[in-house]
Protein chains: 2
Amino acid sequence: MDKNEPTTDLDRSIEKVTASTQSPSPHTPKPRSFGKRSFGRRDMPLRMARKTEDVIPPIGDSIRIIPLGGVEEVGKNMTAVEYKDDIIVIDMGFMFKDDDTPGIDYILPNTKYLEDRKSKIRGVFITHGHLDHIGGIPYIMDRIGNPPLYTRALTSIMVKKRQEEFPHLPPIDIRVVEKEDTILLGNMKIKFFAVTHTIPDSMGIIIQTPYGSIVTPGDIKLDHNDGIPTEAEEKEFGRFKNEKVLLLMMDSTNVDNPGFSTPERLVHESLDNIIKNTKGRLIIGTFASQLERVMKIIMIAEKYGKKVVVEGRSMKTNIEIVLAMGMLKVKPDTIITNTDMENFPPDRIIVLATGAQGDEFAALMRMSNKTHKYFRITPRDTVLLSSSIIPGNERSVQKLKDNLARQGAKIIHYRTSDVYIHSTGHGNRGELEWIHKKVGAKYFMPMHGNHYMLRVHEDLAESIIGMPKENIIVPDDGSILEIQDQGQKFVRLKESAPSNVMTVDGFSVGDVQEMVIRDRKMLAQDGIFVVIVSLNTKTGKLKKSPDIIARGFVYLRESQDLLASTRMIIKKTVEDTTRGMNPIDFDLIKSTLTDDIGRYLFQQTAKKPIVIPVILGV
Amino acid sequence: MDKNEPTTDLDRSIEKVTASTQSPSPHTPKPRSFGKRSFGRRDMPLRMARKTEDVIPPIGDSIRIIPLGGVEEVGKNMTAVEYKDDIIVIDMGFMFKDDDTPGIDYILPNTKYLEDRKSKIRGVFITHGHLDHIGGIPYIMDRIGNPPLYTRALTSIMVKKRQEEFPHLPPIDIRVVEKEDTILLGNMKIKFFAVTHTIPDSMGIIIQTPYGSIVTPGDIKLDHNDGIPTEAEEKEFGRFKNEKVLLLMMDSTNVDNPGFSTPERLVHESLDNIIKNTKGRLIIGTFASQLERVMKIIMIAEKYGKKVVVEGRSMKTNIEIVLAMGMLKVKPDTIITNTDMENFPPDRIIVLATGAQGDEFAALMRMSNKTHKYFRITPRDTVLLSSSIIPGNERSVQKLKDNLARQGAKIIHYRTSDVYIHSTGHGNRGELEWIHKKVGAKYFMPMHGNHYMLRVHEDLAESIIGMPKENIIVPDDGSILEIQDQGQKFVRLKESAPSNVMTVDGFSVGDVQEMVIRDRKMLAQDGIFVVIVSLNTKTGKLKKSPDIIARGFVYLRESQDLLASTRMIIKKTVEDTTRGMNPIDFDLIKSTLTDDIGRYLFQQTAKKPIVIPVILGV
């Protein structure tokens, strides 16, 4: 190397710094835990790891059940059922990021097990069109070899509509099924049954094997009168009298709530009253995914000669779909545009808007904080929040209510309303109990919920239904359960399918984001402090005062003294370290600098920024 | 400047980059909103701004009420009452950070109004010892000139105890008051009354002025039997018959809940049953601040010959205080250490632990995730979560329950328990109504709550109590309310006291953190991308390949192609820009680089890291 040529050691710099995150020195910020499981290790990302076939024993004559997602969380539902040479996949959901995954767009189930067995996958069955069941499709389908996708009509359109946002993807082979259909795939026969949920065309799935059936209703609640399920429910579930059900896999979302949940019918009745009687404009905030309710609201509005303005992209899309399919039949002028709104008195206007969760950019929030192009909330408006609060959204819903209250609107919300303005799509304990009894399964795997919910569901199956404890398995994401010995045994293998979280982060879809997420969390807490030192490699002296770049650390304009004293420390540390050193050991200088600067900044500010020294040899 | 000497332009670099956050180029990440109010502007931090006296009119003969915190949020309660030459301050709380303030330790009320009027402050009155009422003391007292602090005995010890953690601060002049005391301060007379809350020695405050009294109960609920307040409450509030109350300022936390809240007495009865009957070890998670309940649990344990192990620093501190004060009287061997625990059968062990909110490092979470030094949860343990969930903590409480369920513990929690295991410290609508009627105030200012809650409280006062609308003012933090014309008028001035949030961020306490917080949010989303270019200032060519440091952006090990192509872009951008340029315009190169790199990275990754170019002229 020409000694007169400026030199750098960037690549080492990056690696050094990154490595120091893994074995933190006392002055490197301690990364927070990223959940109980480790991600792909830096030195051996999972995608390069050996194939899962090398680790997981062959299936033999067992039926294998692998919940790839949705059993340690509410969201990213996906389950594989494998028998002989065939794999069937049920649902392909994603989950929104939480505090533990800053900057991430979505969290996906880990599909490595399926990627290694692409050729065995015969079909993907989607129970219904909610994102925790279809959200993963654009990211996962291609990875697992684009198998055919079976679902009912509405769901199929919703999947297709979403796929339009990913024009670079190969088309999906979607096959629309009817409730009465039977699909024969290899050694398995797949049948369907209708379930009550909050979106039309929700279906349960029955997988018939030589040893008995595997049943999952997907997301489910029951239509009932005071705890007595309706005729229609009785009829639908009557079919299980003649079905030898080996295994039931069921929704646990609301198992912790006693009794029966409010039937949607009662919500429709309350909405009918409110829509009929409200003076002034009525703005209804609800989930676009509550499609049955959305359709009902439009029909009620029409009944009372009112006009409906639809706000929010997902709401518009869903309504367009059900209109186009003929599932929603209303007069062409019932739904009007927001610019037409002024042609009608406020009493005749119903606004259906997204954003009841306080989403920052959704229609309702924009109306409430005066950033909506067409809407201003006035004291004559009534805002009905027809939804519960998803855990984690409490603060943003509070902000929404504050903003609405600031505009003087009358607010009716779930918690304080004395009429039913929302009901859940997931059955309470009493409903789950009824379904257990109707299905009469030998084995049980609770699904759709956090571990605690699954445990409560296990307890229900054991203590109320009377299942033997050994017939129930509470799985984790990636657990491999087997029904062995021609249906005589239900076990959990000691081996698991890979289950570290896969994320969607911009264009990057994968399972090796742990370092990046850790860094983001540390940056969010204490920021970054980059030091650039120009070092005369002959004398070991600094060529000039070091450069400092800091972001998210302290307010630099008011910290000139701190910057000046830190420059002194840097100069002293470097020149003390290089004294008598030949050749210059860049790594040693950098690790000493990282420690000295980190310690000094912590003493002075009680903050622990990520410290990155860059030494430029000149 | 010696042309052969390496040159840099760091200071400009920092400013340039920081400035670009304020007027973002199309490729600079758009900062998220930081709430409705702007912080101190970068070019004119508030602490350097003109004094508030120049902006806010003189007080004249009015009584001025300034809620400095606690009227746009639950937390950081602090209110100033000013009359003639005297100011009285009520409470001095802080608030914990939320998603909007990453890395921040605490949020404080803005005290600029008081800092400018130090010499008028006669005393600070603290209603009770909770952090949303005392948390700000160590950070604020010195700023407002260390006025005397008046409070009751327990609160005074809690304040002192906390002060020990800040040994560099001047001592506080604490004056312990009794309920019957009258304190004469300038033209105001201050009296107290006892209120029911969740911590002993909670007191309400009456400030008597020549025109009538200003009353606040602080945090309050009522002791009652089926909605009929007890004799003790009747007696305490009976005093207001003879008090001419001008203004009531009251807690709005639970105004949205109908009826009366569960009396703590019923919770004590349930706990008595549970403590008596639980087989195996009973671990009770609750707030250390629920001190009345904590004391009761220890007494019940003693009654049944059980031993209490206390876990968690705040829990230990609070129990030590009430023991030392003689407020809690138990035998010396009722409370044992965790090492003594093994000398007793599990049936005789009650563990009182902090962390029922799922706090990451609190005792209960450490027990649940096997990181506690002395405790392992077993399937024979029962864990009782005797607390509600503070909004925003839902996910961490879920994690706690999942972890506990994983260890097999039996979990009893608020939502599903059929007995009373928790009650709130803040009265429901029915209780507030009763207090309104007893106090019989002319004017009303709702406090302690988000804007929405204050509006609901306003509606209660208007529609149920029958107050004229113009006698009620819903304030914001920093609003200046005046009782004018000898009590005849209640108005809100158009001028406000400074109300931008003050934060505690490490050792830094102040109001100019907006830039830092914005940066942290952007870093948490998309990370940072620092580019170091060594430029031959004579030729305008790069001396070597540019150095890149990225954190929180993408996984670098798997992005070598991206780094290589970005280096090409950098080289091309710099050399295109410098062509024919003399002298070198560093600012132009940097802004062009920022734009080009940002655009390219976004195209390639859909991420928008903060891009910082550093040009070293050589």
# chains A, B, ... in the order shown; residues from 1 in each chain; ligands from 1
>>> interface_residues(of="chain A", to="chain B", cutoff="6 Å", atoms="only C-alpha atoms", output="count of residues only")
25
>>> residues_around(residues="segment 236-240 of chain A", least_positions_apart="4", cutoff="12 Å", atoms="only C-alpha atoms", output="PDB file with N, CA, C and O atoms, in the first residue's frame")
ATOM      1  N   LYS A 179     -69.277 -24.242  -1.296  1.00  0.00           N
ATOM      2  CA  LYS A 179     -69.350 -24.897   0.004  1.00  0.00           C
ATOM      3  C   LYS A 179     -69.515 -26.423  -0.125  1.00  0.00           C
ATOM      4  O   LYS A 179     -68.998 -27.189   0.687  1.00  0.00           O
ATOM      5  N   GLU A 180     -70.197 -26.854  -1.182  1.00  0.00           N
ATOM      6  CA  GLU A 180     -70.504 -28.278  -1.298  1.00  0.00           C
ATOM      7  C   GLU A 180     -69.382 -29.072  -1.976  1.00  0.00           C
ATOM      8  O   GLU A 180     -69.447 -30.294  -2.048  1.00  0.00           O
ATOM      9  N   LYS A 191     -63.098 -30.868   2.276  1.00  0.00           N
ATOM     10  CA  LYS A 191     -64.484 -30.392   2.220  1.00  0.00           C
ATOM     11  C   LYS A 191     -64.612 -29.106   3.022  1.00  0.00           C
ATOM     12  O   LYS A 191     -63.696 -28.745   3.754  1.00  0.00           O
ATOM     13  N   PHE A 192     -65.741 -28.467   2.890  1.00  0.00           N
ATOM     14  CA  PHE A 192     -65.902 -27.151   3.514  1.00  0.00           C
ATOM     15  C   PHE A 192     -67.197 -27.064   4.299  1.00  0.00           C
ATOM     16  O   PHE A 192     -68.133 -27.833   4.058  1.00  0.00           O
ATOM     17  N   PHE A 193     -67.263 -26.146   5.216  1.00  0.00           N
ATOM     18  CA  PHE A 193     -68.545 -25.837   5.866  1.00  0.00           C
ATOM     19  C   PHE A 193     -68.608 -24.343   6.138  1.00  0.00           C
ATOM     20  O   PHE A 193     -67.585 -23.668   6.221  1.00  0.00           O
ATOM     21  N   ALA A 194     -69.839 -23.841   6.214  1.00  0.00           N
ATOM     22  CA  ALA A 194     -70.030 -22.393   6.376  1.00  0.00           C
ATOM     23  C   ALA A 194     -69.859 -22.025   7.842  1.00  0.00           C
ATOM     24  O   ALA A 194     -70.328 -22.751   8.726  1.00  0.00           O
ATOM     25  N   VAL A 195     -69.189 -20.919   8.109  1.00  0.00           N
ATOM     26  CA  VAL A 195     -69.058 -20.445   9.489  1.00  0.00           C
ATOM     27  C   VAL A 195     -69.482 -18.986   9.566  1.00  0.00           C
ATOM     28  O   VAL A 195     -69.413 -18.240   8.590  1.00  0.00           O
ATOM     29  N   THR A 196     -69.922 -18.595  10.760  1.00  0.00           N
ATOM     30  CA  THR A 196     -70.294 -17.207  11.003  1.00  0.00           C
ATOM     31  C   THR A 196     -69.058 -16.429  11.429  1.00  0.00           C
ATOM     32  O   THR A 196     -68.364 -16.813  12.362  1.00  0.00           O
ATOM     33  N   MET A 203     -65.246 -19.740   5.575  1.00  0.00           N
ATOM     34  CA  MET A 203     -65.512 -21.180   5.531  1.00  0.00           C
ATOM     35  C   MET A 203     -64.588 -21.945   6.457  1.00  0.00           C
ATOM     36  O   MET A 203     -63.453 -21.572   6.714  1.00  0.00           O
ATOM     37  N   GLY A 204     -65.136 -23.026   7.002  1.00  0.00           N
ATOM     38  CA  GLY A 204     -64.330 -23.973   7.749  1.00  0.00           C
ATOM     39  C   GLY A 204     -63.839 -25.056   6.807  1.00  0.00           C
ATOM     40  O   GLY A 204     -64.372 -25.222   5.709  1.00  0.00           O
ATOM     41  N   ILE A 206     -62.486 -29.148   6.250  1.00  0.00           N
ATOM     42  CA  ILE A 206     -62.416 -30.533   6.739  1.00  0.00           C
ATOM     43  C   ILE A 206     -61.442 -31.283   5.826  1.00  0.00           C
ATOM     44  O   ILE A 206     -61.644 -31.325   4.614  1.00  0.00           O
ATOM     45  N   GLY A 212     -59.250 -40.529   9.662  1.00  0.00           N
ATOM     46  CA  GLY A 212     -60.238 -39.619  10.225  1.00  0.00           C
ATOM     47  C   GLY A 212     -59.991 -38.216   9.699  1.00  0.00           C
ATOM     48  O   GLY A 212     -59.080 -37.994   8.889  1.00  0.00           O
ATOM     49  N   SER A 213     -60.784 -37.279  10.167  1.00  0.00           N
ATOM     50  CA  SER A 213     -60.734 -35.930   9.595  1.00  0.00           C
ATOM     51  C   SER A 213     -60.029 -34.947  10.512  1.00  0.00           C
ATOM     52  O   SER A 213     -60.019 -35.093  11.737  1.00  0.00           O
ATOM     53  N   ILE A 214     -59.463 -33.956   9.870  1.00  0.00           N
ATOM     54  CA  ILE A 214     -58.876 -32.822  10.578  1.00  0.00           C
ATOM     55  C   ILE A 214     -59.754 -31.618  10.263  1.00  0.00           C
ATOM     56  O   ILE A 214     -60.004 -31.327   9.096  1.00  0.00           O
ATOM     57  N   VAL A 215     -60.209 -30.951  11.304  1.00  0.00           N
ATOM     58  CA  VAL A 215     -61.203 -29.897  11.112  1.00  0.00           C
ATOM     59  C   VAL A 215     -60.715 -28.581  11.690  1.00  0.00           C
ATOM     60  O   VAL A 215     -60.187 -28.545  12.808  1.00  0.00           O
ATOM     61  N   PRO A 217     -62.422 -24.536  11.858  1.00  0.00           N
ATOM     62  CA  PRO A 217     -63.449 -23.600  11.385  1.00  0.00           C
ATOM     63  C   PRO A 217     -62.862 -22.264  10.919  1.00  0.00           C
ATOM     64  O   PRO A 217     -63.616 -21.402  10.471  1.00  0.00           O
ATOM     65  N   LEU A 222     -70.725 -17.692  16.726  1.00  0.00           N
ATOM     66  CA  LEU A 222     -72.007 -18.338  16.440  1.00  0.00           C
ATOM     67  C   LEU A 222     -73.115 -17.302  16.406  1.00  0.00           C
ATOM     68  O   LEU A 222     -73.097 -16.340  17.184  1.00  0.00           O
ATOM     69  N   ASP A 223     -74.045 -17.512  15.511  1.00  0.00           N
ATOM     70  CA  ASP A 223     -75.260 -16.709  15.562  1.00  0.00           C
ATOM     71  C   ASP A 223     -76.172 -17.400  16.573  1.00  0.00           C
ATOM     72  O   ASP A 223     -76.327 -18.625  16.546  1.00  0.00           O
ATOM     73  N   PRO A 229     -77.748 -21.343  19.944  1.00  0.00           N
ATOM     74  CA  PRO A 229     -77.383 -21.177  18.532  1.00  0.00           C
ATOM     75  C   PRO A 229     -78.598 -21.367  17.626  1.00  0.00           C
ATOM     76  O   PRO A 229     -79.511 -22.152  17.929  1.00  0.00           O
ATOM     77  N   THR A 230     -78.596 -20.646  16.525  1.00  0.00           N
ATOM     78  CA  THR A 230     -79.729 -20.667  15.602  1.00  0.00           C
ATOM     79  C   THR A 230     -79.839 -22.007  14.883  1.00  0.00           C
ATOM     80  O   THR A 230     -78.912 -22.815  14.874  1.00  0.00           O
ATOM     81  N   GLU A 231     -80.993 -22.198  14.262  1.00  0.00           N
ATOM     82  CA  GLU A 231     -81.248 -23.383  13.423  1.00  0.00           C
ATOM     83  C   GLU A 231     -80.127 -23.593  12.407  1.00  0.00           C
ATOM     84  O   GLU A 231     -79.661 -24.696  12.194  1.00  0.00           O
ATOM     85  N   ALA A 232     -79.748 -22.476  11.774  1.00  0.00           N
ATOM     86  CA  ALA A 232     -78.739 -22.561  10.718  1.00  0.00           C
ATOM     87  C   ALA A 232     -77.423 -23.116  11.273  1.00  0.00           C
ATOM     88  O   ALA A 232     -76.779 -23.964  10.639  1.00  0.00           O
ATOM     89  N   LYS A 244     -65.961 -38.729  11.301  1.00  0.00           N
ATOM     90  CA  LYS A 244     -65.030 -39.205  12.340  1.00  0.00           C
ATOM     91  C   LYS A 244     -63.909 -38.173  12.453  1.00  0.00           C
ATOM     92  O   LYS A 244     -62.984 -38.149  11.649  1.00  0.00           O
ATOM     93  N   VAL A 245     -64.023 -37.287  13.440  1.00  0.00           N
ATOM     94  CA  VAL A 245     -63.056 -36.197  13.538  1.00  0.00           C
ATOM     95  C   VAL A 245     -61.904 -36.598  14.450  1.00  0.00           C
ATOM     96  O   VAL A 245     -62.080 -36.852  15.634  1.00  0.00           O
ATOM     97  N   LEU A 246     -60.731 -36.650  13.852  1.00  0.00           N
ATOM     98  CA  LEU A 246     -59.520 -36.974  14.607  1.00  0.00           C
ATOM     99  C   LEU A 246     -59.050 -35.759  15.397  1.00  0.00           C
ATOM    100  O   LEU A 246     -58.754 -35.852  16.575  1.00  0.00           O
ATOM    101  N   LEU A 248     -59.390 -31.426  16.029  1.00  0.00           N
ATOM    102  CA  LEU A 248     -59.976 -30.095  15.856  1.00  0.00           C
ATOM    103  C   LEU A 248     -58.903 -29.054  16.142  1.00  0.00           C
ATOM    104  O   LEU A 248     -58.172 -29.151  17.125  1.00  0.00           O
ATOM    105  N   TRP A 434     -69.672 -25.065  22.780  1.00  0.00           N
ATOM    106  CA  TRP A 434     -70.727 -25.659  21.936  1.00  0.00           C
ATOM    107  C   TRP A 434     -70.115 -26.309  20.698  1.00  0.00           C
ATOM    108  O   TRP A 434     -70.480 -27.425  20.313  1.00  0.00           O
ATOM    109  N   ILE A 435     -69.171 -25.607  20.078  1.00  0.00           N
ATOM    110  CA  ILE A 435     -68.546 -26.139  18.852  1.00  0.00           C
ATOM    111  C   ILE A 435     -67.754 -27.414  19.161  1.00  0.00           C
ATOM    112  O   ILE A 435     -67.851 -28.409  18.446  1.00  0.00           O
ATOM    113  N   HIS A 436     -66.978 -27.375  20.245  1.00  0.00           N
ATOM    114  CA  HIS A 436     -66.251 -28.581  20.664  1.00  0.00           C
ATOM    115  C   HIS A 436     -67.189 -29.784  20.744  1.00  0.00           C
ATOM    116  O   HIS A 436     -66.899 -30.855  20.230  1.00  0.00           O
ATOM    117  N   LYS A 437     -68.329 -29.563  21.381  1.00  0.00           N
ATOM    118  CA  LYS A 437     -69.264 -30.677  21.586  1.00  0.00           C
ATOM    119  C   LYS A 437     -69.851 -31.166  20.266  1.00  0.00           C
ATOM    120  O   LYS A 437     -70.017 -32.361  20.052  1.00  0.00           O
ATOM    121  N   LYS A 438     -70.137 -30.211  19.375  1.00  0.00           N
ATOM    122  CA  LYS A 438     -70.718 -30.597  18.088  1.00  0.00           C
ATOM    123  C   LYS A 438     -69.716 -31.345  17.222  1.00  0.00           C
ATOM    124  O   LYS A 438     -70.055 -32.303  16.538  1.00  0.00           O
ATOM    125  N   VAL A 439     -68.473 -30.904  17.232  1.00  0.00           N
ATOM    126  CA  VAL A 439     -67.477 -31.507  16.341  1.00  0.00           C
ATOM    127  C   VAL A 439     -67.040 -32.866  16.887  1.00  0.00           C
ATOM    128  O   VAL A 439     -66.783 -33.802  16.127  1.00  0.00           O
ATOM    129  N   GLY A 440     -66.960 -32.979  18.206  1.00  0.00           N
ATOM    130  CA  GLY A 440     -66.634 -34.268  18.819  1.00  0.00           C
ATOM    131  C   GLY A 440     -65.302 -34.853  18.392  1.00  0.00           C
ATOM    132  O   GLY A 440     -65.207 -36.012  17.997  1.00  0.00           O
ATOM    133  N   ALA A 441     -64.266 -34.032  18.433  1.00  0.00           N
ATOM    134  CA  ALA A 441     -62.958 -34.487  17.974  1.00  0.00           C
ATOM    135  C   ALA A 441     -62.266 -35.339  19.042  1.00  0.00           C
ATOM    136  O   ALA A 441     -62.523 -35.202  20.235  1.00  0.00           O
TER     137      ALA A 441
END
>>> select_by_dssp(residues="segment 353-462 of chain A", states="strand (DSSP E or B)", output="list of chain:residue names")
A:Ala353, A:Thr382, A:Val383, A:Leu384, A:Leu385, A:Lys410, A:Ile411, A:Ile412, A:His413, A:Asn428, A:Tyr443, A:Phe444, A:Met445, A:Pro446, A:Met447, A:Gly449
>>> closest_residue(among="B:Gly285, B:Pro446, B:Gly466, B:Gly280", to="Thr378 of chain B", atoms="only C-alpha atoms")
B:Gly280
>>> select_by_dssp(residues="segment 170-322 of chain B", states="alpha helix (DSSP H)", output="PyMOL selection string")
chain B and resi 231-238+264-277+291-303+313-322
>>> residues_around(residues="segment 81-90 of chain B", least_positions_apart="6", cutoff="6 Å", atoms="only C-alpha atoms", output="mmCIF file with N, CA, C and O atoms, in the first residue's frame")
data_model
loop_
_atom_site.group_PDB
_atom_site.id
_atom_site.type_symbol
_atom_site.label_atom_id
_atom_site.label_comp_id
_atom_site.auth_asym_id
_atom_site.auth_seq_id
_atom_site.Cartn_x
_atom_site.Cartn_y
_atom_site.Cartn_z
ATOM 1 N N ILE B 63 -58.032 36.361 39.976
ATOM 2 C CA ILE B 63 -57.394 35.119 40.435
ATOM 3 C C ILE B 63 -57.094 34.320 39.173
ATOM 4 O O ILE B 63 -57.968 34.138 38.321
ATOM 5 N N ARG B 64 -55.841 33.900 39.068
ATOM 6 C CA ARG B 64 -55.438 33.221 37.849
ATOM 7 C C ARG B 64 -55.204 31.732 38.136
ATOM 8 O O ARG B 64 -54.592 31.394 39.145
ATOM 9 N N ILE B 65 -55.703 30.902 37.241
ATOM 10 C CA ILE B 65 -55.516 29.447 37.351
ATOM 11 C C ILE B 65 -54.781 29.000 36.105
ATOM 12 O O ILE B 65 -55.257 29.231 34.999
ATOM 13 N N LYS B 120 -42.599 35.138 43.251
ATOM 14 C CA LYS B 120 -43.981 35.179 43.722
ATOM 15 C C LYS B 120 -44.453 33.849 44.311
ATOM 16 O O LYS B 120 -45.527 33.774 44.896
ATOM 17 N N ILE B 121 -43.661 32.805 44.085
ATOM 18 C CA ILE B 121 -44.137 31.469 44.486
ATOM 19 C C ILE B 121 -43.996 31.289 45.997
ATOM 20 O O ILE B 121 -42.894 31.331 46.538
ATOM 21 N N ARG B 122 -45.118 31.106 46.657
ATOM 22 C CA ARG B 122 -45.116 31.003 48.128
ATOM 23 C C ARG B 122 -45.044 29.569 48.622
ATOM 24 O O ARG B 122 -44.637 29.323 49.743
ATOM 25 N N GLY B 123 -45.485 28.642 47.818
ATOM 26 C CA GLY B 123 -45.475 27.268 48.297
ATOM 27 C C GLY B 123 -45.989 26.304 47.252
ATOM 28 O O GLY B 123 -46.732 26.687 46.347
ATOM 29 N N VAL B 124 -45.510 25.049 47.391
ATOM 30 C CA VAL B 124 -45.973 23.973 46.529
ATOM 31 C C VAL B 124 -46.756 23.012 47.419
ATOM 32 O O VAL B 124 -46.258 22.614 48.477
ATOM 33 N N PHE B 125 -47.966 22.660 47.015
ATOM 34 C CA PHE B 125 -48.791 21.742 47.800
ATOM 35 C C PHE B 125 -48.943 20.427 47.039
ATOM 36 O O PHE B 125 -49.354 20.427 45.877
ATOM 37 N N ILE B 126 -48.594 19.337 47.700
ATOM 38 C CA ILE B 126 -48.658 18.041 47.037
ATOM 39 C C ILE B 126 -49.818 17.253 47.628
ATOM 40 O O ILE B 126 -49.861 17.006 48.829
#
>>> residues_around(residues="His128 of chain A", least_positions_apart="3", cutoff="7 Å", atoms="only C-alpha atoms", output="list in words")
His133, Thr155, Asp201, Ser202 and Met203 of chain A
>>> residues_around(residues="Glu320 of chain B", least_positions_apart="5", cutoff="12 Å", atoms="only C-alpha atoms", output="MDAnalysis selection string")
chainID B and resid 154 157:158 161 288 291 294:295 310 313:315 325:330 335
>>> closest_residue(among="A:Asp576, A:Asp116, A:Glu342, A:Glu431", to="Asp226 of chain A", atoms="only C-alpha atoms")
A:Glu431
>>> residues_around(residues="Val74 of chain A", least_positions_apart="2", cutoff="9 Å", atoms="only C-alpha atoms", output="ChimeraX atom specification")
/A:70-72,76-77,95,132,253,448-450
>>> write_last_selection(atoms="N, CA and C atoms", output="PDB file, in the first residue's frame")
ATOM      1  N   GLY A  70     -49.540 -17.980  14.190  1.00  0.00           N
ATOM      2  CA  GLY A  70     -50.873 -17.818  14.773  1.00  0.00           C
ATOM      3  C   GLY A  70     -51.098 -18.573  16.058  1.00  0.00           C
ATOM      4  N   VAL A  71     -50.064 -19.225  16.587  1.00  0.00           N
ATOM      5  CA  VAL A  71     -50.261 -19.929  17.857  1.00  0.00           C
ATOM      6  C   VAL A  71     -49.409 -19.334  18.983  1.00  0.00           C
ATOM      7  N   GLU A  72     -48.702 -18.247  18.667  1.00  0.00           N
ATOM      8  CA  GLU A  72     -48.017 -17.503  19.732  1.00  0.00           C
ATOM      9  C   GLU A  72     -48.414 -16.037  19.651  1.00  0.00           C
ATOM     10  N   LYS A  76     -50.900 -13.496  11.630  1.00  0.00           N
ATOM     11  CA  LYS A  76     -50.064 -14.344  10.776  1.00  0.00           C
ATOM     12  C   LYS A  76     -50.423 -15.836  10.879  1.00  0.00           C
ATOM     13  N   ASN A  77     -51.713 -16.099  10.653  1.00  0.00           N
ATOM     14  CA  ASN A  77     -52.188 -17.471  10.715  1.00  0.00           C
ATOM     15  C   ASN A  77     -51.754 -18.274   9.500  1.00  0.00           C
ATOM     16  N   MET A  95     -48.913 -10.107   9.973  1.00  0.00           N
ATOM     17  CA  MET A  95     -49.203  -9.388  11.196  1.00  0.00           C
ATOM     18  C   MET A  95     -48.570  -8.018  11.038  1.00  0.00           C
ATOM     19  N   ASP A 132     -55.042 -11.186   8.345  1.00  0.00           N
ATOM     20  CA  ASP A 132     -54.296 -12.175   9.133  1.00  0.00           C
ATOM     21  C   ASP A 132     -54.463 -13.582   8.571  1.00  0.00           C
ATOM     22  N   THR A 253     -59.114 -16.749  20.227  1.00  0.00           N
ATOM     23  CA  THR A 253     -59.021 -15.305  20.470  1.00  0.00           C
ATOM     24  C   THR A 253     -59.811 -14.842  21.689  1.00  0.00           C
ATOM     25  N   HIS A 448     -54.836 -19.709  16.901  1.00  0.00           N
ATOM     26  CA  HIS A 448     -55.260 -18.302  16.847  1.00  0.00           C
ATOM     27  C   HIS A 448     -55.271 -17.661  18.231  1.00  0.00           C
ATOM     28  N   GLY A 449     -54.098 -17.375  18.726  1.00  0.00           N
ATOM     29  CA  GLY A 449     -54.028 -16.683  20.009  1.00  0.00           C
ATOM     30  C   GLY A 449     -52.626 -16.725  20.586  1.00  0.00           C
ATOM     31  N   ASN A 450     -52.422 -15.903  21.607  1.00  0.00           N
ATOM     32  CA  ASN A 450     -51.180 -15.952  22.364  1.00  0.00           C
ATOM     33  C   ASN A 450     -51.142 -17.224  23.201  1.00  0.00           C
TER      34      ASN A 450
END
>>> residues_around(residues="segment 538-542 of chain A", least_positions_apart="4", cutoff="9 Å", atoms="only C-alpha atoms", output="number ranges by chain")
A: 3, 533-534, 546, 571, 574-584, 618
>>> atom_distance(atom1="atom CA of Ile140 of chain A", atom2="atom CA of Ala356 of chain A")
29.4 Å
>>> atom_distance(atom1="atom CA of Thr127 of chain B", atom2="atom CA of Glu269 of chain B")
27.5 Å
